[in-house]
file upload-v4.pdb (PDB, C-alpha atoms and all ligand atoms)
ATOM      1  CA  MET A  16     -10.821 -19.347  12.472
ATOM      2  CA  LYS A  17      -8.684 -22.409  11.759
ATOM      3  CA  TYR A  18      -4.925 -21.900  11.543
ATOM      4  CA  SER A  19      -2.001 -23.922  10.220
ATOM      5  CA  ILE A  20       1.489 -22.686  11.086
ATOM      6  CA  TYR A  21       4.531 -23.890   9.162
ATOM      7  CA  GLN A  22       7.433 -24.151  11.637
ATOM      8  CA  MET A  23       9.944 -24.746   8.872
ATOM      9  CA  ASP A  24      13.656 -25.137   8.326
ATOM     10  CA  ILE A  25      14.902 -22.758   5.642
ATOM     11  CA  VAL A  26      17.463 -23.607   2.968
ATOM     12  CA  PRO A  27      19.917 -20.666   3.050
ATOM     13  CA  GLY A  28      20.173 -18.606  -0.127
ATOM     14  CA  ASN A  29      17.880 -20.851  -2.171
ATOM     15  CA  PRO A  30      14.558 -19.074  -2.796
ATOM     16  CA  SER A  31      13.330 -21.496  -5.457
ATOM     17  CA  GLU A  32      13.902 -24.521  -3.214
ATOM     18  CA  ASN A  33      12.133 -22.765  -0.313
ATOM     19  CA  ARG A  34       9.221 -21.868  -2.580
ATOM     20  CA  ARG A  35       9.022 -25.502  -3.668
ATOM     21  CA  LYS A  36       8.968 -26.599   0.013
ATOM     22  CA  VAL A  37       6.304 -24.061   0.973
ATOM     23  CA  GLN A  38       4.080 -24.908  -1.981
ATOM     24  CA  GLU A  39       4.310 -28.644  -1.312
ATOM     25  CA  TRP A  40       3.575 -28.117   2.402
ATOM     26  CA  MET A  41       0.651 -25.758   1.746
ATOM     27  CA  GLU A  42      -0.985 -28.074  -0.776
ATOM     28  CA  GLU A  43      -0.748 -31.018   1.600
ATOM     29  CA  GLU A  44      -1.847 -28.966   4.596
ATOM     30  CA  VAL A  45      -4.931 -27.640   2.820
ATOM     31  CA  ARG A  46      -5.783 -31.147   1.582
ATOM     32  CA  ASN A  47      -5.429 -32.641   5.078
ATOM     33  CA  SER A  48      -6.778 -29.989   7.415
ATOM     34  CA  ASN A  49      -8.409 -27.256   5.342
ATOM     35  CA  PRO A  50      -7.251 -24.218   7.394
ATOM     36  CA  ASP A  51      -8.677 -20.722   6.947
ATOM     37  CA  THR A  52      -5.290 -19.119   7.468
ATOM     38  CA  ILE A  53      -1.674 -20.184   7.039
ATOM     39  CA  VAL A  54       1.358 -18.567   8.706
ATOM     40  CA  LEU A  55       4.970 -18.692   7.449
ATOM     41  CA  PRO A  56       8.186 -17.618   9.246
ATOM     42  CA  GLU A  57      10.501 -14.618   8.767
ATOM     43  CA  LEU A  58      12.849 -14.526   5.751
ATOM     44  CA  TRP A  59      11.560 -17.889   4.564
ATOM     45  CA  THR A  60      12.909 -17.530   0.999
ATOM     46  CA  THR A  61      16.546 -16.912   1.946
ATOM     47  CA  ALA A  62      17.202 -17.236   5.711
ATOM     48  CA  TYR A  63      19.678 -14.632   7.054
ATOM     49  CA  THR A  64      21.893 -14.564   3.926
ATOM     50  CA  LEU A  65      22.051 -10.771   4.162
ATOM     51  CA  ASP A  66      25.474 -10.530   2.490
ATOM     52  CA  SER A  67      23.889 -11.837  -0.746
ATOM     53  CA  LEU A  68      20.888  -9.537  -0.976
ATOM     54  CA  GLU A  69      21.609  -8.462  -4.575
ATOM     55  CA  GLN A  70      21.523 -12.101  -5.578
ATOM     56  CA  TYR A  71      18.551 -13.433  -3.639
ATOM     57  CA  ALA A  72      16.224 -10.602  -2.573
ATOM     58  CA  ASP A  73      12.871  -9.990  -4.235
ATOM     59  CA  GLN A  74      12.496  -6.899  -6.443
ATOM     60  CA  ASN A  75       9.375  -4.887  -5.576
ATOM     61  CA  GLY A  76       7.980  -7.960  -3.829
ATOM     62  CA  GLU A  77       8.428 -10.288  -6.789
ATOM     63  CA  PRO A  78       8.376 -13.203  -7.177
ATOM     64  CA  SER A  79       6.977 -13.666  -3.631
ATOM     65  CA  LYS A  80       3.845 -11.597  -4.211
ATOM     66  CA  SER A  81       2.802 -13.569  -7.296
ATOM     67  CA  PHE A  82       3.695 -16.849  -5.607
ATOM     68  CA  LEU A  83       1.597 -16.108  -2.490
ATOM     69  CA  ARG A  84      -1.275 -14.573  -4.456
ATOM     70  CA  GLU A  85      -1.620 -17.598  -6.755
ATOM     71  CA  LEU A  86      -1.453 -20.088  -3.873
ATOM     72  CA  ALA A  87      -3.993 -18.150  -1.798
ATOM     73  CA  LYS A  88      -6.436 -18.161  -4.732
ATOM     74  CA  LYS A  89      -5.811 -21.729  -5.846
ATOM     75  CA  LEU A  90      -6.028 -23.179  -2.319
ATOM     76  CA  ASN A  91      -8.736 -20.790  -1.105
ATOM     77  CA  VAL A  92      -6.749 -19.873   2.022
ATOM     78  CA  ASN A  93      -5.594 -16.659   3.736
ATOM     79  CA  ILE A  94      -1.806 -16.359   3.976
ATOM     80  CA  ILE A  95       0.227 -14.432   6.540
ATOM     81  CA  GLY A  96       3.245 -14.635   4.266
ATOM     82  CA  GLY A  97       6.074 -14.556   6.824
ATOM     83  CA  SER A  98       8.645 -12.140   5.463
ATOM     84  CA  VAL A  99      11.173 -11.931   2.634
ATOM     85  CA  THR A 100      14.123  -9.734   1.735
ATOM     86  CA  ASN A 101      12.873  -7.189  -0.778
ATOM     87  CA  LYS A 102      14.545  -4.449  -2.880
ATOM     88  CA  VAL A 103      12.481  -1.306  -3.465
ATOM     89  CA  ASP A 104      13.928   1.932  -4.947
ATOM     90  CA  GLY A 105      17.474   0.674  -4.409
ATOM     91  CA  LYS A 106      16.966  -0.172  -0.704
ATOM     92  CA  PHE A 107      16.502  -3.554   0.918
ATOM     93  CA  TYR A 108      13.721  -4.278   3.401
ATOM     94  CA  ASN A 109      12.472  -7.203   5.460
ATOM     95  CA  SER A 110       8.907  -7.256   4.099
ATOM     96  CA  SER A 111       5.769  -9.129   5.050
ATOM     97  CA  PHE A 112       2.810  -9.660   2.683
ATOM     98  CA  VAL A 113      -0.696 -10.774   3.674
ATOM     99  CA  TYR A 114      -3.111 -12.253   1.120
ATOM    100  CA  ASN A 115      -6.756 -13.159   1.547
ATOM    101  CA  ARG A 116      -8.318 -16.267   0.047
ATOM    102  CA  SER A 117      -9.368 -14.322  -3.074
ATOM    103  CA  GLY A 118      -5.720 -13.571  -3.757
ATOM    104  CA  GLU A 119      -5.960  -9.880  -2.776
ATOM    105  CA  LEU A 120      -2.983  -8.241  -1.080
ATOM    106  CA  VAL A 121      -4.620  -7.131   2.165
ATOM    107  CA  TYR A 122      -1.572  -5.670   3.882
ATOM    108  CA  GLU A 123       2.177  -5.214   3.545
ATOM    109  CA  TYR A 124       4.693  -4.157   6.148
ATOM    110  CA  ASP A 125       8.448  -3.493   6.148
ATOM    111  CA  LYS A 126      10.148  -4.311   9.480
ATOM    112  CA  VAL A 127      10.890  -1.132  11.432
ATOM    113  CA  HIS A 128      12.985  -2.474  14.322
ATOM    114  CA  LEU A 129      16.232  -3.788  12.877
ATOM    115  CA  VAL A 130      18.149  -6.307  14.975
ATOM    116  CA  PRO A 131      21.665  -5.257  16.043
ATOM    117  CA  MET A 132      22.458  -8.820  17.194
ATOM    118  CA  LEU A 133      21.945 -10.095  13.614
ATOM    119  CA  ASN A 134      23.577  -7.072  11.912
ATOM    120  CA  GLU A 135      20.381  -6.103  10.110
ATOM    121  CA  HIS A 136      21.409  -2.410  10.208
ATOM    122  CA  ASN A 137      24.382  -3.137   7.956
ATOM    123  CA  PHE A 138      22.193  -4.496   5.178
ATOM    124  CA  LEU A 139      18.551  -3.454   5.560
ATOM    125  CA  SER A 140      16.615  -0.179   5.732
ATOM    126  CA  VAL A 141      14.038   0.709   8.366
ATOM    127  CA  GLY A 142      10.439   0.466   7.121
ATOM    128  CA  LYS A 143       8.550   3.756   6.843
ATOM    129  CA  ALA A 144       5.582   2.954   9.092
ATOM    130  CA  VAL A 145       4.794   0.909  12.186
ATOM    131  CA  PRO A 146       2.412  -2.044  11.761
ATOM    132  CA  GLU A 147      -1.245  -1.250  11.196
ATOM    133  CA  VAL A 148      -4.436  -3.236  11.572
ATOM    134  CA  PHE A 149      -5.851  -5.205   8.641
ATOM    135  CA  GLU A 150      -8.842  -7.532   8.333
ATOM    136  CA  LEU A 151      -9.241 -11.135   7.295
ATOM    137  CA  GLU A 152     -12.711 -12.708   7.340
ATOM    138  CA  GLY A 153     -14.011  -9.600   9.119
ATOM    139  CA  VAL A 154     -11.526 -10.005  12.029
ATOM    140  CA  LYS A 155      -9.130  -7.176  12.902
ATOM    141  CA  MET A 156      -5.550  -8.330  13.302
ATOM    142  CA  GLY A 157      -1.896  -7.368  12.936
ATOM    143  CA  VAL A 158       1.473  -8.775  11.946
ATOM    144  CA  ILE A 159       4.882  -7.951  13.381
ATOM    145  CA  ILE A 160       8.309  -9.300  12.502
ATOM    146  CA  CYS A 161      10.363 -10.988  15.241
ATOM    147  CA  TYR A 162      12.383  -8.271  17.083
ATOM    148  CA  ASP A 163       9.246  -6.025  16.944
ATOM    149  CA  LEU A 164       7.980  -8.239  19.781
ATOM    150  CA  ARG A 165      10.300  -6.337  22.153
ATOM    151  CA  PHE A 166       8.485  -3.047  21.478
ATOM    152  CA  PRO A 167       5.192  -3.210  23.399
ATOM    153  CA  GLU A 168       4.097   0.268  22.261
ATOM    154  CA  VAL A 169       3.679  -0.969  18.698
ATOM    155  CA  ILE A 170       1.516  -3.879  19.779
ATOM    156  CA  ARG A 171      -0.542  -1.690  22.127
ATOM    157  CA  SER A 172      -1.320   0.573  19.142
ATOM    158  CA  LEU A 173      -2.615  -2.428  17.233
ATOM    159  CA  ALA A 174      -4.806  -3.412  20.179
ATOM    160  CA  LEU A 175      -6.122   0.152  20.465
ATOM    161  CA  GLU A 176      -6.999   0.027  16.758
ATOM    162  CA  GLY A 177      -9.073  -3.080  17.510
ATOM    163  CA  ALA A 178      -6.759  -5.985  16.687
ATOM    164  CA  GLN A 179      -7.900  -9.272  18.207
ATOM    165  CA  VAL A 180      -5.097 -11.417  16.824
ATOM    166  CA  LEU A 181      -1.367 -10.637  16.665
ATOM    167  CA  HIS A 182       0.786 -12.673  14.259
ATOM    168  CA  ILE A 183       4.525 -12.844  14.837
ATOM    169  CA  VAL A 184       6.715 -14.125  12.008
ATOM    170  CA  ALA A 185      10.193 -14.905  13.274
ATOM    171  CA  GLU A 186      13.720 -16.227  13.108
ATOM    172  CA  TRP A 187      14.325 -16.034  16.845
ATOM    173  CA  PRO A 188      17.661 -17.439  18.051
ATOM    174  CA  SER A 189      17.847 -20.240  20.652
ATOM    175  CA  ALA A 190      20.195 -18.063  22.740
ATOM    176  CA  ARG A 191      17.125 -16.046  23.814
ATOM    177  CA  THR A 192      14.371 -18.671  23.877
ATOM    178  CA  SER A 193      13.110 -17.598  27.294
ATOM    179  CA  HIS A 194      12.601 -13.996  26.066
ATOM    180  CA  TRP A 195      10.708 -15.303  23.021
ATOM    181  CA  ARG A 196       8.302 -17.303  25.167
ATOM    182  CA  TYR A 197       7.736 -14.843  28.032
ATOM    183  CA  LEU A 198       7.367 -11.782  25.809
ATOM    184  CA  GLN A 199       4.672 -13.468  23.728
ATOM    185  CA  ILE A 200       2.728 -14.447  26.836
ATOM    186  CA  ALA A 201       3.081 -10.907  28.198
ATOM    187  CA  ARG A 202       1.870  -9.334  24.925
ATOM    188  CA  ALA A 203      -1.175 -11.659  24.887
ATOM    189  CA  ILE A 204      -2.103 -10.849  28.506
ATOM    190  CA  GLU A 205      -1.449  -7.096  28.416
ATOM    191  CA  ASN A 206      -3.350  -6.606  25.146
ATOM    192  CA  GLN A 207      -5.954  -9.332  25.719
ATOM    193  CA  MET A 208      -5.476 -10.698  22.231
ATOM    194  CA  TYR A 209      -4.547 -13.982  20.611
ATOM    195  CA  VAL A 210      -0.866 -14.344  19.736
ATOM    196  CA  VAL A 211      -0.076 -16.665  16.827
ATOM    197  CA  SER A 212       3.624 -17.042  16.078
ATOM    198  CA  CYS A 213       5.681 -18.878  13.502
ATOM    199  CA  ASN A 214       9.402 -19.278  14.170
ATOM    200  CA  ARG A 215      11.888 -21.247  12.075
ATOM    201  CA  ILE A 216      13.974 -24.137  13.323
ATOM    202  CA  GLY A 217      17.490 -25.143  12.260
ATOM    203  CA  SER A 218      20.566 -22.938  12.053
ATOM    204  CA  TYR A 219      22.503 -20.616   9.792
ATOM    205  CA  ASP A 220      26.018 -19.206  10.100
ATOM    206  CA  GLY A 221      26.496 -20.488  13.650
ATOM    207  CA  VAL A 222      23.148 -19.178  14.945
ATOM    208  CA  SER A 223      20.518 -21.748  15.862
ATOM    209  CA  PHE A 224      16.843 -20.831  15.930
ATOM    210  CA  CYS A 225      14.478 -22.048  18.607
ATOM    211  CA  GLY A 226      11.193 -23.039  16.972
ATOM    212  CA  ASN A 227       8.702 -22.944  19.860
ATOM    213  CA  SER A 228       6.096 -21.358  17.603
ATOM    214  CA  MET A 229       3.156 -20.568  19.862
ATOM    215  CA  VAL A 230      -0.544 -19.897  20.018
ATOM    216  CA  ILE A 231      -1.595 -18.061  23.186
ATOM    217  CA  ASN A 232      -5.116 -17.023  24.078
ATOM    218  CA  PRO A 233      -6.112 -13.567  25.436
ATOM    219  CA  TRP A 234      -5.959 -14.917  29.000
ATOM    220  CA  GLY A 235      -2.308 -15.892  28.484
ATOM    221  CA  ASP A 236      -2.851 -19.656  28.260
ATOM    222  CA  ILE A 237      -0.594 -21.456  25.802
ATOM    223  CA  LEU A 238      -2.912 -23.389  23.487
ATOM    224  CA  LEU A 239      -0.174 -24.847  21.358
ATOM    225  CA  GLU A 240       3.612 -24.839  21.194
ATOM    226  CA  GLY A 241       6.023 -26.250  18.624
ATOM    227  CA  SER A 242       9.134 -28.238  19.456
ATOM    228  CA  GLU A 243      12.604 -26.661  19.565
ATOM    229  CA  SER A 244      14.025 -28.426  16.570
ATOM    230  CA  ASN A 245      11.497 -30.220  14.372
ATOM    231  CA  GLU A 246       9.804 -29.059  11.213
ATOM    232  CA  GLU A 247       6.134 -29.155  12.165
ATOM    233  CA  SER A 248       2.640 -28.164  11.143
ATOM    234  CA  LEU A 249       0.866 -26.602  14.105
ATOM    235  CA  ARG A 250      -2.916 -26.491  13.943
ATOM    236  CA  VAL A 251      -5.391 -24.627  16.108
ATOM    237  CA  SER A 252      -8.858 -23.037  15.996
ATOM    238  CA  LEU A 253      -9.296 -19.599  17.562
ATOM    239  CA  ASP A 254     -12.509 -18.776  19.413
ATOM    240  CA  LEU A 255     -12.728 -15.012  18.990
ATOM    241  CA  GLU A 256     -15.519 -14.738  21.581
ATOM    242  CA  LYS A 257     -12.734 -15.312  24.116
ATOM    243  CA  VAL A 258     -11.280 -11.868  23.305
ATOM    244  CA  ILE A 259     -14.576 -10.191  24.156
ATOM    245  CA  GLN A 260     -15.010 -12.293  27.279
ATOM    246  CA  VAL A 261     -11.515 -11.503  28.662
ATOM    247  CA  ARG A 262     -11.893  -7.787  27.818
ATOM    248  CA  ASN A 263     -15.198  -7.762  29.737
ATOM    249  CA  ASP A 264     -13.855  -9.688  32.731
ATOM    250  CA  VAL A 265     -10.751  -7.489  33.141
ATOM    251  CA  PRO A 266     -11.636  -4.222  31.359
ATOM    252  CA  ILE A 267      -8.143  -2.730  31.050
ATOM    253  CA  PHE A 268      -8.969  -0.658  27.989
ATOM    254  CA  SER A 269     -11.594   1.375  29.814
ATOM    255  CA  SER A 270      -9.249   1.733  32.829
ATOM    256  CA  ARG A 271      -6.522   3.461  30.796
ATOM    257  CA  VAL A 272      -5.727   7.110  31.573
ATOM    258  CA  PRO A 273      -3.987   8.244  28.378
ATOM    259  CA  HIS A 274      -4.155  11.926  29.356
ATOM    260  CA  LEU A 275      -1.699  11.101  32.173
ATOM    261  CA  TYR A 276       0.723   9.098  30.052
ATOM    262  CA  LYS A 277       3.869  10.905  28.919
ATOM    263  CA  LYS A 278       3.995  11.626  25.175
ATOM    264  CA  GLU A 279       6.992   9.997  23.508
ATOM    265  CA  ASN A 280       9.121  11.634  20.829
TER     266      ASN A 280
HETATM  267  N1  LIG B   1      15.049 -12.032  13.616
HETATM  268  C1  LIG B   1      14.909 -11.277  14.677
HETATM  269  O1  LIG B   1      14.286 -10.219  14.636
HETATM  270  C2  LIG B   1      15.595 -11.769  15.922
HETATM  271  C3  LIG B   1      15.259 -10.982  17.170
HETATM  272  C4  LIG B   1      16.164 -11.352  18.314
HETATM  273  O2  LIG B   1      17.139 -12.042  18.135
HETATM  274  C5  LIG B   1      15.839 -10.868  19.661
HETATM  275  O3  LIG B   1      14.961 -10.009  19.791
HETATM  276  O4  LIG B   1      16.469 -11.342  20.614
END
call {"tool": "encode", "arguments": {"input": "upload-v4.pdb", "output": "structure tokens"}}
result
Amino acid sequence: MKYSIYQMDIVPGNPSENRRKVQEWMEEEVRNSNPDTIVLPELWTTAYTLDSLEQYADQNGEPSKSFLRELAKKLNVNIIGGSVTNKVDGKFYNSSFVYNRSGELVYEYDKVHLVPMLNEHNFLSVGKAVPEVFELEGVKMGVIICYDLRFPEVIRSLALEGAQVLHIVAEWPSARTSHWRYLQIARAIENQMYVVSCNRIGSYDGVSFCGNSMVINPWGDILLEGSESNEESLRVSLDLEKVIQVRNDVPIFSSRVPHLYKKEN
């Protein structure tokens, strides 16, 4: 499966300009490298303009859903649609939408772990369910949003449900770049899955974001890494046989002893 990742800078509080940027990038990217799947970053329509949610957030996923659906169909490409601020039943969420190349909404997820360091609790509601597995091109995979990366139990559940690829859409601050990098490598090794991440670059409201979007194989090797501060298209092909090979070589899933693990509340 061929990927293109858009490590983008986001214009704060300007959804139409960000949609214009994304559309232009996607059209060029598909023309030049014909990926199967495209990945966008977290909150790519607005950046962290959480004090203006009434003004800029989607309503029931629109217009982002229509925008992503039409592009997926027109360009014949799967889209892991980053995330957007989204108002549903009077509450705001940080929502991710995944479309297949026929323009079908394959999966949607509202972020469940809200980030205290970015004041998400003051503006957003917790999603109702942890991430679940979905399929693109017959491959089981998952998507998480940024801070979710710190919660290994959620990613383990995806692996136990059969996910072979984990996507991480992010606005991860430069202040914690080392955590961003090491946690992704750890998640890839401990779950023996590909990790494909898309982080923004640039800054907003005094916080700078670290780029370093990554693709890591199930052995923990970094196949690709973005720069810290440039808008970039990152391109890679995943060999999914590698997941099977690593899981055979080091069979951690059959070594688990779940009956001995403590049940969490
Ligand atoms: N946008 C985010 O979820 C940022 C997460 C973060 O800053 C951290 O985990 O550190």
call {"tool": "resolve_selection", "arguments": {"input": "upload-v4.pdb", "expression": "the PyMOL selection byres (((chain A and resi 227-243) around 10) and not hetatm)", "output": "JSON list (two decimals) with C-alpha atoms, keeping the file's coordinate frame"}}
result
[["chain", "number", "residue", "atom", "x", "y", "z"],
["A", 18, "TYR", "CA", -4.92, -21.90, 11.54],
["A", 20, "ILE", "CA", 1.49, -22.69, 11.09],
["A", 21, "TYR", "CA", 4.53, -23.89, 9.16],
["A", 22, "GLN", "CA", 7.43, -24.15, 11.64],
["A", 56, "PRO", "CA", 8.19, -17.62, 9.25],
["A", 179, "GLN", "CA", -7.90, -9.27, 18.21],
["A", 180, "VAL", "CA", -5.10, -11.42, 16.82],
["A", 181, "LEU", "CA", -1.37, -10.64, 16.66],
["A", 182, "HIS", "CA", 0.79, -12.67, 14.26],
["A", 183, "ILE", "CA", 4.53, -12.84, 14.84],
["A", 184, "VAL", "CA", 6.72, -14.12, 12.01],
["A", 185, "ALA", "CA", 10.19, -14.90, 13.27],
["A", 187, "TRP", "CA", 14.32, -16.03, 16.84],
["A", 189, "SER", "CA", 17.85, -20.24, 20.65],
["A", 192, "THR", "CA", 14.37, -18.67, 23.88],
["A", 195, "TRP", "CA", 10.71, -15.30, 23.02],
["A", 196, "ARG", "CA", 8.30, -17.30, 25.17],
["A", 199, "GLN", "CA", 4.67, -13.47, 23.73],
["A", 200, "ILE", "CA", 2.73, -14.45, 26.84],
["A", 201, "ALA", "CA", 3.08, -10.91, 28.20],
["A", 202, "ARG", "CA", 1.87, -9.33, 24.92],
["A", 203, "ALA", "CA", -1.18, -11.66, 24.89],
["A", 204, "ILE", "CA", -2.10, -10.85, 28.51],
["A", 205, "GLU", "CA", -1.45, -7.10, 28.42],
["A", 206, "ASN", "CA", -3.35, -6.61, 25.15],
["A", 207, "GLN", "CA", -5.95, -9.33, 25.72],
["A", 208, "MET", "CA", -5.48, -10.70, 22.23],
["A", 209, "TYR", "CA", -4.55, -13.98, 20.61],
["A", 210, "VAL", "CA", -0.87, -14.34, 19.74],
["A", 211, "VAL", "CA", -0.08, -16.66, 16.83],
["A", 212, "SER", "CA", 3.62, -17.04, 16.08],
["A", 213, "CYS", "CA", 5.68, -18.88, 13.50],
["A", 214, "ASN", "CA", 9.40, -19.28, 14.17],
["A", 215, "ARG", "CA", 11.89, -21.25, 12.08],
["A", 216, "ILE", "CA", 13.97, -24.14, 13.32],
["A", 217, "GLY", "CA", 17.49, -25.14, 12.26],
["A", 224, "PHE", "CA", 16.84, -20.83, 15.93],
["A", 225, "CYS", "CA", 14.48, -22.05, 18.61],
["A", 226, "GLY", "CA", 11.19, -23.04, 16.97],
["A", 244, "SER", "CA", 14.02, -28.43, 16.57],
["A", 245, "ASN", "CA", 11.50, -30.22, 14.37],
["A", 246, "GLU", "CA", 9.80, -29.06, 11.21],
["A", 247, "GLU", "CA", 6.13, -29.16, 12.16],
["A", 248, "SER", "CA", 2.64, -28.16, 11.14],
["A", 249, "LEU", "CA", 0.87, -26.60, 14.10],
["A", 250, "ARG", "CA", -2.92, -26.49, 13.94],
["A", 251, "VAL", "CA", -5.39, -24.63, 16.11],
["A", 252, "SER", "CA", -8.86, -23.04, 16.00],
["A", 253, "LEU", "CA", -9.30, -19.60, 17.56],
["A", 254, "ASP", "CA", -12.51, -18.78, 19.41],
["A", 255, "LEU", "CA", -12.73, -15.01, 18.99],
["A", 257, "LYS", "CA", -12.73, -15.31, 24.12],
["A", 258, "VAL", "CA", -11.28, -11.87, 23.30],
["A", 259, "ILE", "CA", -14.58, -10.19, 24.16],
["A", 260, "GLN", "CA", -15.01, -12.29, 27.28],
["A", 261, "VAL", "CA", -11.52, -11.50, 28.66],
["A", 262, "ARG", "CA", -11.89, -7.79, 27.82],
["A", 265, "VAL", "CA", -10.75, -7.49, 33.14]]
call {"tool": "resolve_selection", "arguments": {"input": "upload-v4.pdb", "expression": "the PyMOL selection byres (((chain A and resi 121-138) around 7) and not hetatm)", "output": "PyMOL selection string"}}
result
chain A and resi 65+108-115+119-120+139-142+145-146+149+160+162-163
call {"tool": "atom_distance", "arguments": {"input": "upload-v4.pdb", "atom1": "CA of Ile94 in chain A", "atom2": "CA of Val54 in chain A"}}
result
6.1 Å
call {"tool": "closest_residue", "arguments": {"input": "upload-v4.pdb", "among": "A:Glu57, A:Asp104, A:Glu85, A:Glu176", "to": "ligand LIG 1 (chain B)", "atoms": "only C-alpha atoms and all ligand atoms"}}
result
A:Glu57
call {"tool": "closest_residue", "arguments": {"input": "upload-v4.pdb", "among": "A:Arg165, A:Arg46, A:Arg271, A:Lys36", "to": "Met23 in chain A", "atoms": "all atoms listed in the file"}}
result
A:Lys36
call {"tool": "atom_distance", "arguments": {"input": "upload-v4.pdb", "atom1": "CA of Pro78 in chain A", "atom2": "CA of Asp24 in chain A"}}
result
20.3 Å
call {"tool": "closest_residue", "arguments": {"input": "upload-v4.pdb", "among": "A:Ser223, A:Asn49, A:Asn91, A:Ser19", "to": "ligand LIG 1 (chain B)", "atoms": "all atoms listed in the file"}}
result
A:Ser223
call {"tool": "axis_aligned_box", "arguments": {"input": "upload-v4.pdb", "around": "ligand LIG 1 (chain B)", "padding_each_side": "4 Å", "output": "JSON"}}
result
{"center_x": 15.7, "center_y": -11.0, "center_z": 17.1, "size_x": 10.9, "size_y": 10.0, "size_z": 15.0}
call {"tool": "atom_distance", "arguments": {"input": "upload-v4.pdb", "atom1": "CA of Leu90 in chain A", "atom2": "CA of Lys17 in chain A"}}
result
14.3 Å
call {"tool": "resolve_selection", "arguments": {"input": "upload-v4.pdb", "expression": "the PyMOL selection byres (((chain A and resi 154) around 10) and not hetatm)", "output": "number ranges by chain"}}
result
A: 16, 148-153, 155-156, 177-180, 255
call {"tool": "closest_residue", "arguments": {"input": "upload-v4.pdb", "among": "A:Asn29, A:Ser98, A:Asn93, A:Ser270", "to": "ligand LIG 1 (chain B)", "atoms": "all atoms listed in the file"}}
result
A:Ser98
call {"tool": "closest_residue", "arguments": {"input": "upload-v4.pdb", "among": "A:Ser81, A:Gly96, A:Trp59, A:Gly76", "to": "ligand LIG 1 (chain B)", "atoms": "all atoms listed in the file"}}
result
A:Trp59
call {"tool": "closest_residue", "arguments": {"input": "upload-v4.pdb", "among": "A:Ile25, A:Leu198, A:Val169, A:Ala144", "to": "Leu58 in chain A", "atoms": "only C-alpha atoms"}}
result
A:Ile25
